[in-house]
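Student: Please read through the structure below; I'll follow up with questions.
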Amino acid sequence: LTPSQRRELALEVRAANASVHAPVDVAQEADLERQIAEMEIVARDLESRRAELKSPLKELDGDLEAGPSAADIEAMEAELTRPISAAQAEAIERAHAPGPPSEVIASGTFTGQGALELTRRDVATMATGEWLNDEMVNFTIGAMADREMARCGGTQPRVHFFNTFFVGKLTAQGDGYDYGAVRRWTTRKKLGYDVLECDKVIVPVHQGIHWVLAVVDFKATCVRFYDSLLGDDKGLVEDLLRWVRDEWRNKKNADVDTESWSVEIPKDIPRQMNGCDCGVFMLKYADYIATGCPLTFHQRDMEYFRRRIVADAVEKGN
C-alpha cells in the first residue's frame with residue numbers, strides 16, 4: 001500500500017467506528033464513547049469559561065500582539081452564527097428541492113478562485129448525514145475568500161485560500177512532490193495580490209474519505225494541522241514547508257529557512273462525534289481562523305452550519 005492508501009484505510013476504520021452503519025454492538029459502544037467525549041469537551045469548555053470569569057485580566061508583554069478582546073470575540077461569534085432569516089430558509093428549501101442534479105443553483109467569480117458553479121447535486125451533499133464534495137467545499141471557500149478581501153479593503157487580503165485541488169497537485173496525488181504543478185497558481189497576475197504578503201494561507205485537504213485543514217502561518221512561521229478526528233499528517237506538513245521554501249525562491253528569489261518553523265497539531269479543538277461532519281468542521285475551522293475568531297463551535301452546531309453554508313452560497317451566487 002502507498003502512504004496515501006494506508007492513510008485512507010486508517011481513516012476508514014476510524015470513520016466506521018463512528019458511523020451509525022457500524023454493527024450494533026460497535027455502534028452502541030461508539031455512541032457511548034461519543035457522548036462521553038462530548039460531555040468531557042463541554043465540561044472543559046465550561047471550566048475554561050469559569051476560569052476566565054474568575055481571573056483578572058493580565059497585561060500582555062509589550063513584544064506580543066494582543067488578541068481580540070471579549071467584545072471583539074462576541075461580535076465575531078454573533079456574525080458567524082447569526083440566525084437564518086425566513087428568506088434564507090426559503091432559499092435553502094428551494095436549493096434542496098427535487099430537480100435535475102446538474103441544474104446550476106448558484107455561480108460566480110471569486111477572489112483567487114476564478115469562476116465557479118454550484119449544482120443541485122453539490123447542494124445535496126449538505127443534507128444531514130452526507131459527505132461534502134469538492135465543488136461544495138470550493139464554492140464555500142470562494143465565498144470566504146471574497147469576504148476576506150472585502151474585510152481588507154479589496155486589494156491585499158490577510159488570508160489566502162487554496163482550493164481542494166491544490167494539495168493533490170502539489171503532492172502528485174499523494175505519491176510525490178511537484179512544485180512545478182502549482183507554481184503558477186500564486187502569480188500576482190493570476191491572483192491580483194501577493195500571496196507571500198498574506199499572514200496566513202488556508203489549505204483544505206481531502207484525504208479520500210476525510211476532510212482536514214492545514215494552515216500556513218507566515219507571520220508566526222508555523223504550519224498548523226486541524227483534524228476533527230484528532231489525527232495528523234506529517235508528510236503533508238513537510239510538503240507544505242517545502243512549498244514555502246520553493247514559493248519564496250520562485251516569487252522573491254530568496255531563500256527561507258523553514259527549519260526554525262514550528263509545527264502545531266492542536267488537540268483542544270472542536271471535534272466531530274459522528275462519521276459524516278468532517279467537511280463541515282473543516283470549513284468552519286477555515287472560516288473562524290480567517291475571521292480571527294477562536295474555535296468556539298461544537299458538534300451540536302453542525303446542522304445549523306450545513307444550512308448556513310447553503311444560504312451563504314445561494315446569496316453569494318445570485
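Ordering of the C-alpha cells sets the chain letters (A, B, ...), residue numbers begin anew at 1 in every chain, and ligands are numbered from 1 in the order given.
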Hey, what does DSSP flag as helix (DSSP H, G or I) within stretch 110-231 of chain A? Can you give it to me as a VMD selection string?
Tutor: chain A and resid 120 to 124 134 to 151 166 to 170 179 to 181 183 to 186 188 to 191 195 to 197
Student: Using only C-alpha atoms, what table do you get, as CSV, when you list each residue of stretch 247-314 of chain A with an atom no more than 12 Å from stretch 231-236 of chain A, its nearest pair of atoms, and their distance in Å rounded to one decimal, rows by chain then rising number?
Tutor:
```
residue,atom,partner,partner_atom,distance
A:Val263,CA,A:Lys234,CA,9.2
A:Glu264,CA,A:Asp232,CA,9.9
A:Ile265,CA,A:Asp232,CA,6.9
A:Pro266,CA,A:Asp232,CA,9.6
A:Lys267,CA,A:Gly231,CA,8.9
A:Ile269,CA,A:Gly231,CA,11.9
A:Arg271,CA,A:Gly231,CA,11.0
A:Cys278,CA,A:Gly231,CA,11.9
```
Student: Convert the current residue selection to file output with all heavy atoms, as a PDB file, in the first residue's frame.
Tutor:
```
ATOM      1  N   VAL A 263       5.680  23.330  14.043  1.00  0.00           N
ATOM      2  CA  VAL A 263       4.553  22.552  13.528  1.00  0.00           C
ATOM      3  C   VAL A 263       3.604  22.311  14.696  1.00  0.00           C
ATOM      4  O   VAL A 263       4.021  21.819  15.750  1.00  0.00           O
ATOM      5  CB  VAL A 263       5.013  21.212  12.928  1.00  0.00           C
ATOM      6  CG1 VAL A 263       3.812  20.358  12.551  1.00  0.00           C
ATOM      7  CG2 VAL A 263       5.906  21.447  11.718  1.00  0.00           C
ATOM      8  N   GLU A 264       2.358  22.689  14.511  1.00  0.00           N
ATOM      9  CA  GLU A 264       1.370  22.528  15.568  1.00  0.00           C
ATOM     10  C   GLU A 264       0.218  21.660  15.077  1.00  0.00           C
ATOM     11  O   GLU A 264      -0.286  21.864  13.966  1.00  0.00           O
ATOM     12  CB  GLU A 264       0.837  23.888  16.023  1.00  0.00           C
ATOM     13  CG  GLU A 264       1.900  24.792  16.632  1.00  0.00           C
ATOM     14  CD  GLU A 264       1.354  26.159  17.019  1.00  0.00           C
ATOM     15  OE1 GLU A 264       0.110  26.331  16.950  1.00  0.00           O
ATOM     16  OE2 GLU A 264       2.153  27.044  17.370  1.00  0.00           O
ATOM     17  N   ILE A 265      -0.175  20.711  15.899  1.00  0.00           N
ATOM     18  CA  ILE A 265      -1.324  19.854  15.601  1.00  0.00           C
ATOM     19  C   ILE A 265      -2.262  19.964  16.804  1.00  0.00           C
ATOM     20  O   ILE A 265      -2.222  19.143  17.720  1.00  0.00           O
ATOM     21  CB  ILE A 265      -0.894  18.399  15.341  1.00  0.00           C
ATOM     22  CG1 ILE A 265       0.158  18.365  14.233  1.00  0.00           C
ATOM     23  CG2 ILE A 265      -2.103  17.538  14.959  1.00  0.00           C
ATOM     24  CD1 ILE A 265       0.722  16.983  13.940  1.00  0.00           C
ATOM     25  N   PRO A 266      -3.077  21.020  16.851  1.00  0.00           N
ATOM     26  CA  PRO A 266      -3.910  21.277  18.025  1.00  0.00           C
ATOM     27  C   PRO A 266      -4.864  20.113  18.310  1.00  0.00           C
ATOM     28  O   PRO A 266      -5.464  19.539  17.397  1.00  0.00           O
ATOM     29  CB  PRO A 266      -4.689  22.537  17.636  1.00  0.00           C
ATOM     30  CG  PRO A 266      -3.891  23.167  16.543  1.00  0.00           C
ATOM     31  CD  PRO A 266      -3.276  22.041  15.802  1.00  0.00           C
ATOM     32  N   LYS A 267      -4.987  19.788  19.579  1.00  0.00           N
ATOM     33  CA  LYS A 267      -5.894  18.732  20.013  1.00  0.00           C
ATOM     34  C   LYS A 267      -7.101  19.275  20.764  1.00  0.00           C
ATOM     35  O   LYS A 267      -8.142  18.623  20.828  1.00  0.00           O
ATOM     36  CB  LYS A 267      -5.148  17.731  20.905  1.00  0.00           C
ATOM     37  CG  LYS A 267      -3.955  17.054  20.223  1.00  0.00           C
ATOM     38  CD  LYS A 267      -4.356  16.274  18.980  1.00  0.00           C
ATOM     39  CE  LYS A 267      -3.166  15.570  18.346  1.00  0.00           C
ATOM     40  NZ  LYS A 267      -3.537  14.865  17.082  1.00  0.00           N
ATOM     41  N   ILE A 269      -9.509  21.236  20.145  1.00  0.00           N
ATOM     42  CA  ILE A 269     -10.285  21.893  19.098  1.00  0.00           C
ATOM     43  C   ILE A 269     -11.653  21.227  19.015  1.00  0.00           C
ATOM     44  O   ILE A 269     -11.846  20.122  19.535  1.00  0.00           O
ATOM     45  CB  ILE A 269      -9.568  21.805  17.728  1.00  0.00           C
ATOM     46  CG1 ILE A 269      -9.361  20.330  17.320  1.00  0.00           C
ATOM     47  CG2 ILE A 269      -8.245  22.560  17.758  1.00  0.00           C
ATOM     48  CD1 ILE A 269      -8.761  20.158  15.938  1.00  0.00           C
ATOM     49  N   ARG A 271     -14.452  18.878  18.025  1.00  0.00           N
ATOM     50  CA  ARG A 271     -14.326  17.522  17.486  1.00  0.00           C
ATOM     51  C   ARG A 271     -15.656  17.010  16.958  1.00  0.00           C
ATOM     52  O   ARG A 271     -16.708  17.290  17.524  1.00  0.00           O
ATOM     53  CB  ARG A 271     -13.848  16.569  18.585  1.00  0.00           C
ATOM     54  CG  ARG A 271     -12.432  16.788  19.045  1.00  0.00           C
ATOM     55  CD  ARG A 271     -12.085  15.779  20.131  1.00  0.00           C
ATOM     56  NE  ARG A 271     -12.289  14.407  19.666  1.00  0.00           N
ATOM     57  CZ  ARG A 271     -12.254  13.331  20.458  1.00  0.00           C
ATOM     58  NH1 ARG A 271     -12.038  13.479  21.753  1.00  0.00           N
ATOM     59  NH2 ARG A 271     -12.433  12.125  19.963  1.00  0.00           N
ATOM     60  N   CYS A 278     -17.049  15.765   8.978  1.00  0.00           N
ATOM     61  CA  CYS A 278     -15.671  16.261   8.897  1.00  0.00           C
ATOM     62  C   CYS A 278     -15.545  17.446   7.947  1.00  0.00           C
ATOM     63  O   CYS A 278     -14.794  18.396   8.215  1.00  0.00           O
ATOM     64  CB  CYS A 278     -14.716  15.145   8.489  1.00  0.00           C
ATOM     65  SG  CYS A 278     -15.099  14.347   6.910  1.00  0.00           S
TER      66      CYS A 278
END
```
Student: Identify which of the residues A:Thr186, A:Glu90, A:Asp175, A:Pro270 lies closest to A:Tyr288, counting only C-alpha atoms when measuring atom-to-atom distances.
Tutor: A:Pro270
Student: Would you mind telling me which residue in A:Val237, A:Ile209, A:Ala290, A:Cys222 lies nearest to A:Glu130 when using only C-alpha atoms?
Tutor: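 Answer, going by the shortest atom-to-atom distance: A:Ile209.
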Student: I'd like the interatomic distance between atom CA of A:Val159 and atom CA of A:Trp131, to a tenth of an Å.
Tutor: 26.1 Å
Student: Neighbours of stretch 141-156 of chain A within 6 Å (only C-alpha atoms; same-chain residues fewer than 6 positions away dropped), as a CSV table (one decimal) with C-alpha atoms, in the first residue's frame?
Tutor:
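And here is the file that came out, result17.csv:
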```csv
chain,number,residue,atom,x,y,z
A,110,PHE,CA,-14.4,34.5,-6.6
A,111,THR,CA,-11.2,36.1,-5.2
A,193,TYR,CA,-2.2,40.3,-5.0
```
